[in-house]
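Report on the structure given below.
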There are 2 protein chains.
Amino acid sequence: MRVHLAVLIAGLFIVHSAFAQETPSPQFSLTQDQTHNRFSAAIEPVLRVPSGAVIEVRTEEASDGQLTPTSTVEDVANLDFDPIHPLTGPVYVEGAEPGDVLAVTLHEIELGDYGWTAIVPGFGFLADEFTEPYLKTFTFEDGQTVARFSDGITIPLKPFPGVMGVAPATTDSLSTIPPRANGGNMDDPHLVEGTTAYFPVFVEGALFSIGDAHATQGAGEVCGTAIEAPMRIVYSVEVLKGGRSITEPEYETDDTYAVTAFAETLDEAAKKATRFMVDYLVAEHGLSRPDAYALASLAADLRIAEVVDVPHMLVTMHIPKAIFTE
Amino acid sequence: MRVHLAVLIAGLFIVHSAFAQETPSPQFSLTQDQTHNRFSAAIEPVLRVPSGAVIEVRTEEASDGQLTPTSTVEDVANLDFDPIHPLTGPVYVEGAEPGDVLAVTLHEIELGDYGWTAIVPGFGFLADEFTEPYLKTFTFEDGQTVARFSDGITIPLKPFPGVMGVAPATTDSLSTIPPRANGGNMDDPHLVEGTTAYFPVFVEGALFSIGDAHATQGAGEVCGTAIEAPMRIVYSVEVLKGGRSITEPEYETDDTYAVTAFAETLDEAAKKATRFMVDYLVAEHGLSRPDAYALASLAADLRIAEVVDVPHMLVTMHIPKAIFTE
């Protein structure tokens with residue numbers, strides 16, 4: 001494989017985020033032009049790093065520059081889906097092999113200076129009713145914590161990457177619209193700064209990519225878009241070997257462990273998520289399967305991540321860590 | 001209609017809950033024996049109250065005494081579904097007419113002294129896999145805040161009524177297992193103390209009932225049961241006339257407004273919930289429909305309440321009140 005040389009960051013790295021006090025210094029950097037917009041094992045990596053590397057990336061917004069602060073609804077009507085989503089990467093992680101798990105920790109997510117929300121005809125959960133193009137644009141200043149939706153409505157910003165994923169076990173070029181076992185367009189608003197996400201590795205080097213950042217999004221992303229925005233993200237990668245194998249992404253924060261499951265219906269995704277949670281509780285907490293099922297009923301929450309990334313819905317199941325007292 | 005006389009409470013009412021400082025004094029009281037276990041407009045009320053009344057009720061656990069702290073898995077195997085769920089009521093609220101809204105505020109929810117969790121063969125989200133009866137029982141002391149699941153697992157208690165509902169517009173006797181437009185077995189763990197729930201009124205007097213209390217439950221209630229427990233609940237009722245009409249229950253807390261939607265699939269329930277949220281934002285906050293849809297995508301959360309009350313799933317959509325700044 002041909003691997004581009006990484007830019008090793010020298011000098012002081014200026015940190016803007018209020019939450020960044022523990023951000024490790026990035027050792028590698030990628031620009032918003034080092035992107036691809038399909039998932040495939042055939043896409044050559046733009047960077048090669050060891051396990052443990054800290055990487056700073058710039059990510060382009062979902063439309064890859066088709067929508068800007070000066071765009072109009074005509075630009076939404078003429079939107080070309082082909083360039084969606086530009087993903088920064090892939091990053092080849094040395095030592096990662098099929099069957100391993102790639103842990104990705106989001107250390108810092110810094111919002112870019114603009115964002116947009118659109119209703120794209122034919123796309124969205126209520127596409128039958130909302131058939132006209134719609135666009136709202138936002139501009140952001142350094143340190144801004146809310147988006148101004150209208151004179152009387154302001155929404156707290158909770159930036160996160162809509163897409164994180166590894167290469168699938170195919171050299172076919174897959175659309176980045178639906179999430180799959182390799183992650184991808186999970187559009188889960190819980191994947192904020194501080195989260196560690198776990199991905200099953202399907203190919204040598206894992207080939208991790210990230211992008212489609214959202215300044216904020218409700219669970220569901222019902223109109224089909226969030227506040228789509230460019231970002232600067234600092235993350236680290238670690239190859240985990242010999243532990244529990246996973247079939248779809250999982251993630252955790254200080255407070256919560258979560259499994260994710262995609263399917264063509266919410267019902268099937270919810271069933272898979274429930275099974276994954278039972279598997280997790282059995283493997284990691286030593287419960288019998290009936291005890292795990294009962295505990296999930298009492299203490300774990302089925303949650304909807306997105307309902308619009310056709311043909312796949314994403315459901316997650318979260319369990320609070322604090323219930324485990326020993 | 002024959003209406004039983006209510007017991008007017010005299011004397012000092014002793015409050016146990018830590019959250020009860022603002023609980024108004026109940027003016028009426030119902031015991032755990034004043035129950036029915038179907039929803040029907042033909043069921044005679046056990047109490048008649050004016051709008052604004054504060055009512056204290058005792059509620060039996062879901063099995064109506066079939067499962068106790070000394071029960072075994074054999075009792076689960078022999079469980080009779082016919083008595084499920086004993087609901088305290090119905091309460092006739094004077095002045096309530098079809099088309100009105102009945103507001104029910106949960107002022108205080110006090111846990112009884114025991115509870116149980118069961119896997120009932122043939123029931124539950126993964127009924128195909130979990131085919132053996134299972135039972136775990138719990139005992140609670142005054143002021144207890146957690147349930148001890150095992151030596152190393154304790155679950156915070158968040159008591160709420162699994163069932164709240166008004167009479168449907170039929171004199172047929174409907175099973176209390178599925179939730180419907182009249183509310184019923186919503187099994188939504190957000191319906192805790194401090195919540196005000198809104199029900200569409202289908203019959204004169206509304207005929208409100210409550211029961212099936214849960215000491216705690218995860219979103220989904222995947223194994224089919226929560227910690228099923230008797231409770232003492234203090235609630236008030238208010239008839240709302242001339243406002244926005246609703247077709248299914250909605251609710252709010254200090255922080256959040258929520259719509260609920262039942263359907264035979266999560267996908268259809270989620271679509272209904274999204275439409276109800278758009279309707280709410282248009283009617284109550286003056287947004288255009290496209291703005292409401294976009295705002296729901298950015299700031300409202302689709303949430304799963306329950307996936308087991310066949311044949312109806314319940315999905316809710318929540319929007320934080322704080323985003324509305326004027």
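Residue numbering restarts at 1 for every chain of the structure tokens, chains are lettered A, B, ... in their displayed order, and ligands are numbered from 1 as they appear.
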request  = Using only C-alpha atoms, find the residues of chain B whose closest atom to chain A is at most 9 Å away, then write them as a PyMOL selection string.
outcome  = chain B and resi 117-119+125-126+130+132+134+136+149+151-156+216-227+265-267+270-271+274-275+289-291+293-307+317+319+322-326
Neighbour list for Ile55 in chain B as a list in words, cut-off 8 Å, only C-alpha atoms, skip fewer than 5 positions in-chain = Pro26, Gln27, Phe28, Ser29, Leu30, Val234, Tyr235 and Ser236 of chain B
task = Could you give me the residues within range 63-278 of chain A that DSSP places in strand (DSSP E), as number ranges by chain?
result = A: 87-93, 101-111, 114-119, 134-139, 146-150, 153-156, 160-165, 174-175, 183-185, 196-200, 208-214, 231-240, 250-252, 256-263
List the neighbours of Ala261 in chain A out to 7 Å using only C-alpha atoms; skip same-chain residues closer than 5 positions along the sequence, and give me the result as a JSON list (two decimals) with C-alpha atoms, in the first residue's frame.
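result08.json, written as the output of this step:
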[["chain", "number", "residue", "atom", "x", "y", "z"],
["A", 248, "GLU", "CA", -20.75, -3.88, 15.53],
["A", 269, "ALA", "CA", -32.15, -2.78, 15.32],
["A", 272, "LYS", "CA", -30.00, -6.65, 17.92],
["A", 273, "ALA", "CA", -29.02, -3.95, 20.44],
["A", 314, "LEU", "CA", -29.37, 2.90, 14.32],
["A", 315, "VAL", "CA", -30.50, 1.93, 17.82],
["A", 316, "THR", "CA", -28.21, 1.89, 20.85]]
query = Residues at most 6 Å from range 160-169 of chain A, counting only C-alpha atoms, excluding those fewer than 5 positions away in the same chain, as JSON, numbers by chain?
reply = {"A": [39, 40, 41, 182, 183, 184, 185, 186, 187, 191, 192, 202, 206, 207, 208, 209, 210, 211, 212, 213, 214]}
Written file, previous selection with C-alpha atoms, as a PDB file, in the first residue's frame:
ATOM      1  CA  PHE A  39     -16.274   3.017   2.409  1.00  0.00           C
ATOM      2  CA  SER A  40     -14.038   0.375   0.853  1.00  0.00           C
ATOM      3  CA  ALA A  41     -11.040  -1.759   1.762  1.00  0.00           C
ATOM      4  CA  ASN A 182     -17.911  -0.949  10.288  1.00  0.00           C
ATOM      5  CA  GLY A 183     -19.607   2.067  11.877  1.00  0.00           C
ATOM      6  CA  GLY A 184     -19.905   4.882   9.370  1.00  0.00           C
ATOM      7  CA  ASN A 185     -22.800   7.298   9.412  1.00  0.00           C
ATOM      8  CA  MET A 186     -24.012   6.442  12.914  1.00  0.00           C
ATOM      9  CA  ASP A 187     -25.289   9.990  13.537  1.00  0.00           C
ATOM     10  CA  LEU A 191     -20.557  10.428  20.484  1.00  0.00           C
ATOM     11  CA  VAL A 192     -19.263  13.691  21.919  1.00  0.00           C
ATOM     12  CA  PHE A 202     -12.122  -6.050   9.143  1.00  0.00           C
ATOM     13  CA  ALA A 206      -8.234  -0.948  10.232  1.00  0.00           C
ATOM     14  CA  LEU A 207      -8.336   2.120   7.889  1.00  0.00           C
ATOM     15  CA  PHE A 208     -10.172   4.559  10.142  1.00  0.00           C
ATOM     16  CA  SER A 209     -11.978   7.655   8.804  1.00  0.00           C
ATOM     17  CA  ILE A 210     -13.959  10.455  10.431  1.00  0.00           C
ATOM     18  CA  GLY A 211     -16.136  13.331   9.261  1.00  0.00           C
ATOM     19  CA  ASP A 212     -19.671  14.666   8.791  1.00  0.00           C
ATOM     20  CA  ALA A 213     -19.462  16.594  12.026  1.00  0.00           C
ATOM     21  CA  HIS A 214     -22.609  18.006  13.599  1.00  0.00           C
TER      22      HIS A 214
END
